[in-house]
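Take a look at the structure below.
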Amino acid sequence: MLEQLWLIPALPFAGALILALCGRALSRRLVSLVGVGSIAVSAAISIAIVPAFLGRGTPYGQVLWTWLNVAGFQPRIAFYLDSLSLVMVVVVTFVSFLIHLYSAEFMEQDEGYSRFFAYMNLFVGSMVVLLLADNLLLLYLGWEGVGLCSYLLIGFWYRDSVNGAAARKAFIVTRVGDTAMIIGLFILFQRLGTLQIQDVMQLATAEWAIGSPVATTVAALLIGGAVGKSAQLPLQTWLPDAMAGPTPTSALIHAATMVTAGVYLIARTHALFTLAPGAQLAVAVIGAATLLVAGCSALTQSDIKRVLAYSTVSQIGYMFLALGAGSWAAAIFHFMTHAFFKALLFLAAGIVIEALHHEHSIFRMGGLRRELPVAFWTFLIGGCSLAGLPFITAGYFSKDFILWSTWSSRGGNLWLWIAGIVGVLLTALYTFRLIFLVFFGESRTPVSHRPGSRIVLPVVILAALSVAGGWLRDPLLGFLNRALPPMVEAHTGMSETLSGAIAALAFLTGLGAAYLFFMRKPEYAASLIRFGALRRLHALWFADWGFDWLYDRTLVRPFVWIATANQRDVVDNVFTAIARWNQAAHHALSLTETGRLRWYAAAIGAGAVIFVGVVLLR
Amino acid sequence: MAGLLARRNVIFTLMSIEVMLNAAGLGFVAAGARWGQADGQVMFLFILAIAAAEVSVGLALVLRLYHLYKSLDVDASSLLKG
Amino acid sequence: MLITFYVAAAIAILSTVLTITRLNAVHALLYLVVSLLAIAIVFYVLGAPFIAALEVIIYAGAIMVLFIFVMMMLNLGERATGMERSWVTPGAWAGPAILAAILLIELAFTVATATRATEVQGTDPKQVALSLYGPYLLGVELVSMLLLAGIVGAYHLGWTSPEEKEAIDATKPDRERTPAGGDLVHAGVGRAAGPPQRDIYADVH
């Protein structure tokens, strides 16, 4: 079974190719069959590989062919399967399958049906390549592939230029991160001579001292790449605007899979981060800061998808926090639970949006508890999991473990833990604000469209997983620790239960506050905002802490100014000058062609005179 | 040569050419006489024949030119200008 | 002998200079004939009597006569002299004079640095003839072909087809039209008595 590993990325690529070439000629049924079926078989294979891998025990490598062979640089197309990549591949393919099934019905009215599935398949294929890659160059290939598909899918409805602008913004911002990453790869190759991930980690540990500048530089550059792709500070501005794409896209790419590529990268190259404690601390700080910033912004948004987008940024902040604190397996565990409940939330939100005829503003929704029961219950379960309802949701288990490790692990400290707790409060607050505003109260927009079975089935499955996933915590962590270093306990003083209790307290506070402000007494919220200082704060958080404004002023405007000033293309003048000089020479020389006989005779005579003179003077 | 370049009448152009050919022939004959060989005279004979052919063709062209431009200006036919 | 040479040479140079500076074309032609006769004398002094005779017969006798024929045919008259007056300005002589002067200097230089020879050996016509029929036979044949080409070319260039004559006639005012098949000898006869003609010298710059 392990030999079929290559099929996992190959099938989605094949599906994408088929749909790209002849998708328009096929019927809807056939398109969805190819699109969903390829992912379904991939997911089935990845699940079937699990027992085979468990039986094997050691990591499995599969080499397909050698990609390049240049001056001793020989990257191969090869896959490396260990517990880390297996867990991620299973989650990614399974969630992708569910989302594809959902979108088979969701996107049915759209005329770009086959194009959508082609892009989605291409995305899944690239993501799997990224996860399974055994060298950093192949990983970068998958990295760029998912970036491309993200661009294609955000701007899916290309006829509206706003979507195109959002897609470009996403691509350019992640590009900044990608550039940092590729520089990091260059340095790695130049210093260590190889890009094989396992070799890199061994060589680096052997050659570089802990805290050495080269290790810190490389780690910092890789962080740059991860920050871009995972939408952390300061490159988080693209994710809220990326909600311009279709809802299944947001669910798949911007909730469950692509944005976690950064987390995967850092987890994969953990040895480099162990060698650079400064960089690791930076990861934790970035995670903590992001989760607070994004949480505050989520509190003020009015578009349902934007709330979820900021929520994603915030939760990935938690994953970064875990990585930075040295609790590698916890970050991956949180990735898994987050994939489940965030995809669920997006899909349920999609049901709501569709039902209300593409209405995105939560202030125009309400009372959907009775109208869309499926959406309500699944959204509720997802929301509770997101906020961390104690004991019954998977999100609670993963978030709780992260919080405890930020306190007790060697890389953690008190301030990170406090940030995490405040984050729990904020998460609960904005999640339940969302739930109360959308599903409770009186209905402001009538429901027009009920979901069908292909939509209901995936959300129900995801809801079940959001609840049940948490019980897998200990075996999963043990399994992951085969590939990742285990968390080292350094600080005592807080036991896990104490941390868990405080987190639960934060959760309840948030829930209560949301209940108060948005259910019982909505006037309180409105009157609070009318205070001058609070109103400005509200405006600041609504605009994502002014990052867009900042980037616009400092980067975009000068660049546009330079581009406009250089409209005539100064450098081009050098080349035009050559042409113009030639023309001038032509005009000058054509003066000698007067057409007059005596002129030509004079030229001959002068030439003869000069010639004779030269001969004489020799 | 000075005459060839300075005069605009095409007849004078041809006359100047005749003068130049004659001068070249003179040079040949003088050289032949210097070394006592017959070659110089032979050369002059050839030059003479060439001059005759050239004059006849040239004058025919002059007549054509005159018919076309109604002028004997050698600068009148500058159609190849530029 | 030497005196004859110098005198003839002086006459040749003088008459050539006069040729190129005359305004009247016919005067210039006559001066050219004088020049050619002087050169013939020089040839005789150099011991090439055959060539001297040929110079007079062919050059002065045939070629110059051809020139004079054409001048007569064109029949330009006083008008042409006036035109020449405007064309031949002292300024026009500047460039050519410089070029010719440089060439003259080069010639003098070459002559001055050459080895001197005092004795002039004449060459028999008989030797010339032997030369012609011996080593230079090919040249003779080529020259004869050239002359043939010259004859054919001159004839063809000088011949106007009836269509051409129509075209030429169309550009002239009615009174001047030559009758079809008319001859060029009498072409210009009626011109002086004609009514105001097109100003054919109008494009004099």
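Residue numbering restarts at 1 in every chain; chains get A, B, ... in the order shown in the structure tokens, and ligands count up from 1 in that same order.
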
**OP:** Kindly provide, as an NGL selection string, the residues of chain A having any atom no farther than 10 Å from an atom of chain C, counting only C-alpha atoms.
**Re:** :A and (602 or 605-606 or 608-610 or 612-613 or 616-617)

Original post:
Residues at most 12 Å from Phe46 in chain B, counting only C-alpha atoms, excluding those fewer than 6 positions away in the same chain, as a list in words?
Top reply: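 Contacts, in chain order: Leu21, Asn22, Ala24, Gly25, Phe28, Val29, Asp39, Gly40, Ala52 and Ala53 of chain B; Ile51, Leu54, Glu55, Leu132, Tyr136, Leu137, Leu138, Gly139, Val140, Glu141, Leu142, Val143, Ser144, Leu146 and Leu147 of chain C.
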
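Selected on chain A by distance to chain B: Ser590, Leu591, Glu593, Thr594, Gly595, Arg596, Leu597, Arg598, Ala601 and Ala602 of chain A (within 7 Å, counting only C-alpha atoms).
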
Please determine the contact residues of chain B with respect to chain C at a cut-off of 9 Å, counting only C-alpha atoms, and supply them as a JSON list (two decimals) with C-alpha atoms, in the first residue's frame.
[["chain", "number", "residue", "atom", "x", "y", "z"],
["B", 1, "MET", "CA", 40.19, 67.53, -64.08],
["B", 2, "ALA", "CA", 39.68, 71.08, -62.93],
["B", 3, "GLY", "CA", 37.65, 71.69, -66.04],
["B", 4, "LEU", "CA", 35.60, 68.58, -65.46],
["B", 5, "LEU", "CA", 34.67, 69.65, -61.96],
["B", 6, "ALA", "CA", 34.19, 73.33, -62.53],
["B", 7, "ARG", "CA", 32.08, 73.53, -65.69],
["B", 8, "ARG", "CA", 28.39, 72.85, -65.75],
["B", 9, "ASN", "CA", 27.93, 72.47, -69.46],
["B", 11, "ILE", "CA", 29.90, 69.45, -73.56],
["B", 12, "PHE", "CA", 32.70, 70.91, -71.51],
["B", 15, "MET", "CA", 35.94, 67.90, -73.56],
["B", 16, "SER", "CA", 37.70, 67.76, -70.22],
["B", 19, "VAL", "CA", 41.90, 66.26, -72.39],
["B", 22, "ASN", "CA", 45.09, 62.65, -74.04],
["B", 23, "ALA", "CA", 47.27, 63.52, -71.11],
["B", 26, "LEU", "CA", 51.05, 61.36, -73.54],
["B", 29, "VAL", "CA", 54.13, 57.46, -75.05],
["B", 30, "ALA", "CA", 56.76, 59.33, -73.10],
["B", 32, "GLY", "CA", 57.66, 54.12, -74.08],
["B", 33, "ALA", "CA", 60.10, 56.54, -75.62],
["B", 34, "ARG", "CA", 62.19, 56.63, -72.48],
["B", 35, "TRP", "CA", 62.83, 52.92, -72.50],
["B", 36, "GLY", "CA", 62.72, 52.46, -76.22],
["B", 37, "GLN", "CA", 59.84, 50.01, -76.24],
["B", 38, "ALA", "CA", 56.85, 49.95, -78.52],
["B", 39, "ASP", "CA", 54.49, 49.26, -75.68],
["B", 41, "GLN", "CA", 52.62, 53.60, -78.40],
["B", 42, "VAL", "CA", 50.48, 50.52, -78.40],
["B", 44, "PHE", "CA", 48.20, 55.04, -76.69],
["B", 45, "LEU", "CA", 46.52, 53.35, -79.61],
["B", 46, "PHE", "CA", 44.21, 51.55, -77.29],
["B", 48, "LEU", "CA", 42.66, 56.42, -78.64],
["B", 49, "ALA", "CA", 40.20, 53.74, -79.65],
["B", 50, "ILE", "CA", 38.54, 53.83, -76.28],
["B", 51, "ALA", "CA", 38.25, 57.58, -76.41],
["B", 52, "ALA", "CA", 36.58, 57.36, -79.76],
["B", 53, "ALA", "CA", 34.02, 54.87, -78.59],
["B", 54, "GLU", "CA", 33.36, 56.80, -75.44],
["B", 55, "VAL", "CA", 32.92, 60.07, -77.28],
["B", 56, "SER", "CA", 30.38, 58.67, -79.68],
["B", 57, "VAL", "CA", 28.30, 57.11, -76.95],
["B", 58, "GLY", "CA", 28.70, 60.16, -74.76],
["B", 59, "LEU", "CA", 27.52, 62.54, -77.40],
["B", 60, "ALA", "CA", 24.54, 60.36, -78.11],
["B", 61, "LEU", "CA", 23.69, 60.57, -74.43],
["B", 62, "VAL", "CA", 24.12, 64.33, -74.55],
["B", 63, "LEU", "CA", 21.56, 64.51, -77.28],
["B", 64, "ARG", "CA", 19.16, 62.41, -75.19],
["B", 66, "TYR", "CA", 19.05, 67.66, -74.25],
["B", 67, "HIS", "CA", 15.80, 66.22, -75.54],
["B", 68, "LEU", "CA", 14.65, 65.36, -72.05],
["B", 69, "TYR", "CA", 15.65, 68.37, -70.04],
["B", 70, "LYS", "CA", 16.01, 70.96, -72.79],
["B", 71, "SER", "CA", 19.22, 72.06, -71.15],
["B", 73, "ASP", "CA", 23.21, 71.52, -67.46],
["B", 76, "ALA", "CA", 19.79, 68.87, -64.36]]

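Nearest residue to Val92 in chain A among A:Phe171, A:Phe73, A:Phe507, A:Phe340 is A:Phe340, counting only C-alpha atoms.
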
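The gap separating CA of Met519 in chain A from CA of Val374 in chain A is 21.4 Å, in Å to one decimal.
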
Subject >> Contact residues around Gln280 in chain A with only C-alpha atoms at 12 Å, ignoring same-chain residues under 4 positions, as an MDAnalysis selection string >> reply: chainID A and resid 210:211 215:220 222:223 266:267 269:276 284:287 320:328 410:412

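Taking CA of Ala463 in chain A as the reference point, CA of Gly382 in chain A is found at 6.5 Å.
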
Original post:
So which residues touch Val50 in chain A within 10 Å, counting only C-alpha atoms, skipping near sequence neighbours fewer than 5 positions away, as a list in words?
Top reply: Met1, Leu2, Ile45, Gly55, Arg56, Ser83, Leu86, Val87 and Val90 of chain A

Original post:
What lies within 8 Å of Ala339 in chain A using only C-alpha atoms, ignoring chain neighbours under 5 positions off, as a list of chain:residue names?
Top reply: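 Counting only C-alpha atoms, the residues come to A:Val91, A:Val95, A:Ala255, A:Ala256, A:Thr257.
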
Original post:
Which parts of chain B does DSSP call alpha helix (DSSP H) when run on the backbone here, written out as number ranges by chain?
Top reply: B: 2-6, 10-35, 39-69

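Between CA of Ser527 in chain A and CA of Leu511 in chain A the separation is 20.0 Å.
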